[in-house]
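S.K.: Here it is, the structure, as structure tokens.
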Amino acid sequence: MTDKVQSGAKVALITGVTGQDGSYLAELLLSKGYEVHGIKRRASMFNTARVDHIYEDPHLQNARFKLHYGDLSDTSNLTRIIRDIEPDEVYNLGAQSHVAVSFEAPEYTADVDAIGTLRLLEAIRFLGLEKKARFYQASTSELYGLVQETPQRETTPFYPRSPYAVAKLYAYWITVNYREAYGMYACNGILFNHESPRRGETFVTRKITRGLSNIAMGLETCLFMGNIDSLRDWGHAKDYVRMQWMMLQQDEPEDFVISTGLQYSVRDFIHWTANELGLILEFSGEGIEEIATVASVRGDLAPALKVGDVVMRIDQRYFRPAEVETLLGSSDKAKKKLGWVPEITAEEMCAEMVANDHRAARRHALLKEHGLELPVSLEG
Ligand code: NDP
Ligand code: GDR
């Protein structure tokens with residue numbers, strides 16, 4: 001069933017609704033009374049865990065949350081969905097979003113992240129909805145790559161450093177181009193890294209909070225990391241999706257940088273996570289030989305660990321062919337024009353992520369103790 005379900009309410013379409021941001025944005029829009037349609041990909045296993053809690057039986061007459069099978073690589077599919085629901089707002093959050101993976105799958109990344117954006121814009125235009133549907137593009141601080149100015153703001157020149165960033169550069173400019181050429185309300189949110197308990201498990205923050213939680217409970221033995229001196233400006237996804245919505249509520253479409261203005265290293269994030277688990281870590285050795293050892297243990301959150309245990313090693317495989325060493329944003333424009341300020345600090349966010357992952361690790365350890373172990377990927 002793909003048609004509109006309710007008259008009167010604003011209708012939003014979210015690509016990437018099953019991802020971190022998509023799930024928070026769907027919650028936000030539903031809380032504002034929107035009818036929300038999301039595109040999910042066909043997969044061999046259920047892939048809707050992040051939105052299952054807002055799922056509504058499609059047989060209900062007034063269900064306000066609807067999922068449609070689709071893919072950003074499929075023009076006719078996108079066109080059909082947009083034709084059927086006639087959205088007021090389209091949020092293009094769908095993407096192959098992993099920078100390291102984009103070096104392994106550059107062509108796919110370009111197809112989905114760059115041309116996928118064009119497909120959506122063209123579908124809107126082809127259907128004559130360019131004056132009705134407002135368009136949000138999930139642009140990224142990765143566009144700055146080899147940074148040309150610090151802090152990075154809307155006017156800072158781009159210098160992408162990965163197939164992902166180059167694909168997103170196309171998406172950025174095609175969004176600007178459709179705004180200028182066809183008068184569409186289309187805008188880019190240039191978002192710096194944002195995380196949450198729903199962050200994908202292979203992004204660095206979640207890899208650390210989940211990995212160290214598992215190690216603390218004896219489910220894993222060591223965390224293998226890449227460049228831990230990399231510097232990032234980390235915010236909370238909940239704060240950032242609020243801004244995605246705000247950007248589409250203005251009189252004129254504009255591009256905005258969204259960031260906290262504070263910068264930390266991956267190493268800092270490891271220390272914070274350890275601290276939440278009652279551990280003090282000591283780093284020793286250099287370069288690829290560097291390790292982190294437990295220097296002290298307090299409390300009872302890490303029963304599997306004792307002083308002297310090695311919990312982190314460096315592994316060459318997690319280094320990228322070209323790295324983005326440092327990112328730090330300035331959101332002065334968003335603050336001045338929209339009154340947006342982030343409410344959750346990076347350290348608070350880290351604490352929330354650890355609490356979530358430690359809870360899961362405890363549950364898993366308990367099941368294991370009783371011979372009820374599930375593969376970690378099925379644990380839920
Ligand atoms: P996630 O990786 O968590 O989610 C990506 C979403 O895109 C998932 O729903 C995924 O589906 C979907 N997707 C992947 N490939 C396709 C495809 N071919 N067709 C349709 N959908 C697809 O990313 P985030 O939520 O973290 O990020 C949202 C967007 O914001 C992305 O575009 C990302 O590049 C961008 N961004 C993210 C930042 C961040 O720090 N989080 C910062 C700046 C920009 P599935 O669940 O099936 O995999
Ligand atoms: P990033 O996020 O590449 O900034 O892209 P990620 O968390 O993957 O990496 C951040 C930094 O940590 C370093 N790093 C590691 N990264 C991963 N994933 N795994 C490791 O083991 C590891 N060790 C060190 C990385 O080299 C990097 O410097 C994210 C994505 O969400 C993009 O979609 C988004 O556009 C940008 O943020 C803004």
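All residue names refer to the structure tokens as shown: chains lettered A, B, ... in order, residues numbered from 1 in each chain, ligands numbered from 1 in order.
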Report as a list in words which protein, DNA and RNA residues come within 6 Å of ligand 1, using only C-alpha atoms and all ligand atoms.

M.R.: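 Taking only C-alpha atoms and all ligand atoms into account, the residues around ligand 1 at most 6 Å away are Thr15, Gly16, Val17, Thr18, Gly19, Gln20, Asp21, Gly22, Arg41, Asn47, Asp71, Leu72, Ser73, Leu93, Gly94, Ala95, Gln96, Ser97, Val112, Ala138, Ser139, Thr140, Leu191, Phe192, Asn193, His194 and Gly200 of chain A.
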
S.K.: Could you give me, as JSON, numbers by chain, every polymer residue with an atom at most 7 Å away from an atom of ligand 2, counting only C-alpha atoms and all ligand atoms?

M.R.: {"A": [97, 98, 99, 100, 140, 141, 142, 191, 192, 193, 194, 202, 203, 204, 205, 207, 224, 225, 226, 227, 228, 230, 231, 232, 266, 318, 319, 320, 323, 324, 325]}

S.K.: Enumerate as a PDB file with C-alpha atoms, in the first residue's frame all residues of segment 111-323 of chain A assigned to strand (DSSP E or B) by DSSP on the backbone, naming them with the chain letters and numbers the document uses.

M.R.:
```pdb
ATOM      1  CA  ARG A 134      11.099  20.658  -0.003  1.00  0.00           C
ATOM      2  CA  PHE A 135      14.351  18.715  -0.177  1.00  0.00           C
ATOM      3  CA  TYR A 136      16.987  18.084   2.490  1.00  0.00           C
ATOM      4  CA  GLN A 137      20.360  16.627   1.486  1.00  0.00           C
ATOM      5  CA  ALA A 138      22.516  14.881   4.107  1.00  0.00           C
ATOM      6  CA  SER A 139      25.803  16.574   3.327  1.00  0.00           C
ATOM      7  CA  THR A 140      28.860  16.024   5.439  1.00  0.00           C
ATOM      8  CA  GLN A 152      35.129  24.861   8.931  1.00  0.00           C
ATOM      9  CA  ALA A 186      16.520  22.334  -1.635  1.00  0.00           C
ATOM     10  CA  CYS A 187      19.210  22.620   0.999  1.00  0.00           C
ATOM     11  CA  ASN A 188      22.297  20.959   2.382  1.00  0.00           C
ATOM     12  CA  GLY A 189      22.919  20.264   6.038  1.00  0.00           C
ATOM     13  CA  ILE A 190      26.701  19.978   6.308  1.00  0.00           C
ATOM     14  CA  LEU A 191      26.692  17.812   9.391  1.00  0.00           C
ATOM     15  CA  HIS A 194      27.056  12.648  15.171  1.00  0.00           C
ATOM     16  CA  GLU A 195      26.543   9.524  17.187  1.00  0.00           C
ATOM     17  CA  LEU A 223      39.817  -3.837  20.567  1.00  0.00           C
ATOM     18  CA  PHE A 224      41.728  -3.393  17.291  1.00  0.00           C
ATOM     19  CA  MET A 225      41.898   0.236  16.157  1.00  0.00           C
ATOM     20  CA  LEU A 231      40.333  14.516  15.676  1.00  0.00           C
ATOM     21  CA  ARG A 232      36.581  14.894  15.346  1.00  0.00           C
ATOM     22  CA  GLY A 235      27.560  15.706  18.458  1.00  0.00           C
ATOM     23  CA  HIS A 236      24.422  13.726  19.317  1.00  0.00           C
ATOM     24  CA  PHE A 256      24.004  25.164   7.142  1.00  0.00           C
ATOM     25  CA  VAL A 257      26.982  23.684   8.990  1.00  0.00           C
ATOM     26  CA  ILE A 258      25.909  21.692  12.042  1.00  0.00           C
ATOM     27  CA  TYR A 264      38.412  15.551  20.620  1.00  0.00           C
ATOM     28  CA  SER A 265      40.602  12.638  19.533  1.00  0.00           C
ATOM     29  CA  LEU A 279      38.744   1.629  34.131  1.00  0.00           C
ATOM     30  CA  ILE A 280      41.836   3.794  33.844  1.00  0.00           C
ATOM     31  CA  LEU A 281      43.892   2.917  30.780  1.00  0.00           C
ATOM     32  CA  GLU A 282      47.572   3.507  30.139  1.00  0.00           C
ATOM     33  CA  PHE A 283      48.808   3.884  26.575  1.00  0.00           C
ATOM     34  CA  SER A 284      52.340   2.739  25.730  1.00  0.00           C
ATOM     35  CA  ILE A 291      48.727  -0.663  23.145  1.00  0.00           C
ATOM     36  CA  ALA A 292      46.331   0.283  25.946  1.00  0.00           C
ATOM     37  CA  THR A 293      46.651  -1.544  29.266  1.00  0.00           C
ATOM     38  CA  VAL A 294      44.357  -1.511  32.299  1.00  0.00           C
ATOM     39  CA  ALA A 295      46.050   0.612  35.003  1.00  0.00           C
ATOM     40  CA  SER A 296      43.225   0.463  37.549  1.00  0.00           C
ATOM     41  CA  VAL A 297      39.763  -1.026  37.994  1.00  0.00           C
ATOM     42  CA  VAL A 310      45.812  -5.320  27.254  1.00  0.00           C
ATOM     43  CA  VAL A 311      42.469  -4.085  25.903  1.00  0.00           C
ATOM     44  CA  MET A 312      43.488  -2.226  22.739  1.00  0.00           C
ATOM     45  CA  ARG A 313      45.997  -2.751  19.949  1.00  0.00           C
ATOM     46  CA  ILE A 314      46.576  -0.932  16.694  1.00  0.00           C
TER      47      ILE A 314
END
```

S.K.: Quick one: everything within 12 Å of Glu27 of chain A, counting only C-alpha atoms, minus sequence neighbours fewer than 2 positions away in the same chain. Send it as a ChimeraX atom specification.

M.R.: /A:12,14,17-18,20-25,29-38,50-55,64-65,238,241-242,245

S.K.: If you keep N, CA and C atoms, can you produce a file of those selected residues as an mmCIF file, in the first residue's frame?

M.R.:
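Output below, filename out-v2.cif:
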```
data_model
loop_
_atom_site.group_PDB
_atom_site.id
_atom_site.type_symbol
_atom_site.label_atom_id
_atom_site.label_comp_id
_atom_site.auth_asym_id
_atom_site.auth_seq_id
_atom_site.Cartn_x
_atom_site.Cartn_y
_atom_site.Cartn_z
ATOM 1 N N ALA A 12 5.978 13.523 4.869
ATOM 2 C CA ALA A 12 7.436 13.502 4.693
ATOM 3 C C ALA A 12 7.870 12.152 4.148
ATOM 4 N N ILE A 14 11.380 9.861 3.948
ATOM 5 C CA ILE A 14 12.751 9.761 4.440
ATOM 6 C C ILE A 14 13.435 8.587 3.749
ATOM 7 N N VAL A 17 15.605 5.604 6.280
ATOM 8 C CA VAL A 17 14.811 5.658 7.523
ATOM 9 C C VAL A 17 15.248 4.580 8.514
ATOM 10 N N THR A 18 15.849 3.503 8.014
ATOM 11 C CA THR A 18 16.276 2.426 8.914
ATOM 12 C C THR A 18 17.640 2.701 9.546
ATOM 13 N N GLN A 20 20.617 5.347 11.545
ATOM 14 C CA GLN A 20 20.636 6.111 12.805
ATOM 15 C C GLN A 20 19.776 7.378 12.719
ATOM 16 N N ASP A 21 20.111 8.255 11.776
ATOM 17 C CA ASP A 21 19.414 9.538 11.694
ATOM 18 C C ASP A 21 17.959 9.364 11.280
ATOM 19 N N GLY A 22 17.739 8.456 10.320
ATOM 20 C CA GLY A 22 16.393 8.240 9.815
ATOM 21 C C GLY A 22 15.429 7.867 10.935
ATOM 22 N N SER A 23 15.904 7.040 11.858
ATOM 23 C CA SER A 23 15.009 6.591 12.935
ATOM 24 C C SER A 23 14.678 7.747 13.882
ATOM 25 N N TYR A 24 15.683 8.549 14.231
ATOM 26 C CA TYR A 24 15.405 9.702 15.111
ATOM 27 C C TYR A 24 14.530 10.743 14.400
ATOM 28 N N LEU A 25 14.806 10.951 13.115
ATOM 29 C CA LEU A 25 14.014 11.947 12.381
ATOM 30 C C LEU A 25 12.562 11.491 12.264
ATOM 31 N N LEU A 29 9.386 13.690 13.473
ATOM 32 C CA LEU A 29 8.307 14.129 12.575
ATOM 33 C C LEU A 29 6.957 13.564 13.026
ATOM 34 N N LEU A 30 6.957 12.334 13.505
ATOM 35 C CA LEU A 30 5.694 11.766 14.010
ATOM 36 C C LEU A 30 5.202 12.567 15.209
ATOM 37 N N SER A 31 6.156 12.984 16.055
ATOM 38 C CA SER A 31 5.755 13.750 17.250
ATOM 39 C C SER A 31 5.194 15.119 16.852
ATOM 40 N N LYS A 32 5.528 15.574 15.647
ATOM 41 C CA LYS A 32 5.015 16.857 15.167
ATOM 42 C C LYS A 32 3.754 16.678 14.319
ATOM 43 N N GLY A 33 3.236 15.478 14.266
ATOM 44 C CA GLY A 33 1.967 15.243 13.565
ATOM 45 C C GLY A 33 2.101 14.906 12.096
ATOM 46 N N TYR A 34 3.312 14.697 11.615
ATOM 47 C CA TYR A 34 3.510 14.364 10.199
ATOM 48 C C TYR A 34 3.015 12.957 9.896
ATOM 49 N N GLU A 35 2.692 12.743 8.621
ATOM 50 C CA GLU A 35 2.560 11.393 8.081
ATOM 51 C C GLU A 35 3.945 11.070 7.509
ATOM 52 N N VAL A 36 4.554 9.997 7.985
ATOM 53 C CA VAL A 36 5.951 9.734 7.624
ATOM 54 C C VAL A 36 6.065 8.463 6.780
ATOM 55 N N HIS A 37 6.677 8.619 5.615
ATOM 56 C CA HIS A 37 6.951 7.478 4.749
ATOM 57 C C HIS A 37 8.454 7.268 4.693
ATOM 58 N N GLY A 38 8.858 6.010 4.810
ATOM 59 C CA GLY A 38 10.292 5.728 4.760
ATOM 60 C C GLY A 38 10.590 4.675 3.717
ATOM 61 N N ARG A 50 15.815 -0.338 14.158
ATOM 62 C CA ARG A 50 15.815 1.025 14.715
ATOM 63 C C ARG A 50 14.448 1.705 14.652
ATOM 64 N N VAL A 51 13.551 1.159 13.831
ATOM 65 C CA VAL A 51 12.227 1.801 13.732
ATOM 66 C C VAL A 51 11.084 0.881 14.153
ATOM 67 N N ASP A 52 11.425 -0.318 14.615
ATOM 68 C CA ASP A 52 10.358 -1.266 14.994
ATOM 69 C C ASP A 52 9.437 -0.692 16.070
ATOM 70 N N HIS A 53 10.002 0.121 16.964
ATOM 71 C CA HIS A 53 9.187 0.655 18.065
ATOM 72 C C HIS A 53 8.158 1.689 17.590
ATOM 73 N N ILE A 54 8.329 2.212 16.372
ATOM 74 C CA ILE A 54 7.320 3.166 15.875
ATOM 75 C C ILE A 54 6.494 2.556 14.734
ATOM 76 N N TYR A 55 6.757 1.274 14.470
ATOM 77 C CA TYR A 55 6.021 0.584 13.411
ATOM 78 C C TYR A 55 4.524 0.582 13.735
ATOM 79 N N ARG A 64 0.284 6.358 10.642
ATOM 80 C CA ARG A 64 0.999 7.549 10.141
ATOM 81 C C ARG A 64 2.437 7.253 9.779
ATOM 82 N N PHE A 65 2.856 6.001 9.966
ATOM 83 C CA PHE A 65 4.232 5.644 9.626
ATOM 84 C C PHE A 65 4.208 4.478 8.651
ATOM 85 N N LYS A 238 20.363 13.078 18.008
ATOM 86 C CA LYS A 238 19.051 13.664 18.327
ATOM 87 C C LYS A 238 19.061 15.172 18.108
ATOM 88 N N VAL A 241 19.152 15.848 14.114
ATOM 89 C CA VAL A 241 17.949 15.680 13.274
ATOM 90 C C VAL A 241 16.957 16.818 13.507
ATOM 91 N N ARG A 242 16.986 17.393 14.709
ATOM 92 C CA ARG A 242 16.139 18.556 14.980
ATOM 93 C C ARG A 242 16.477 19.663 13.976
ATOM 94 N N TRP A 245 15.157 19.113 10.373
ATOM 95 C CA TRP A 245 13.762 19.555 10.210
ATOM 96 C C TRP A 245 13.686 21.082 10.152
#
```

S.K.: If you run DSSP over the backbone, which residues in segment 111-231 of chain A end up alpha helix (DSSP H)? Put them as a VMD selection string.

M.R.: chain A and resid 116 to 126 163 to 182 204 to 216
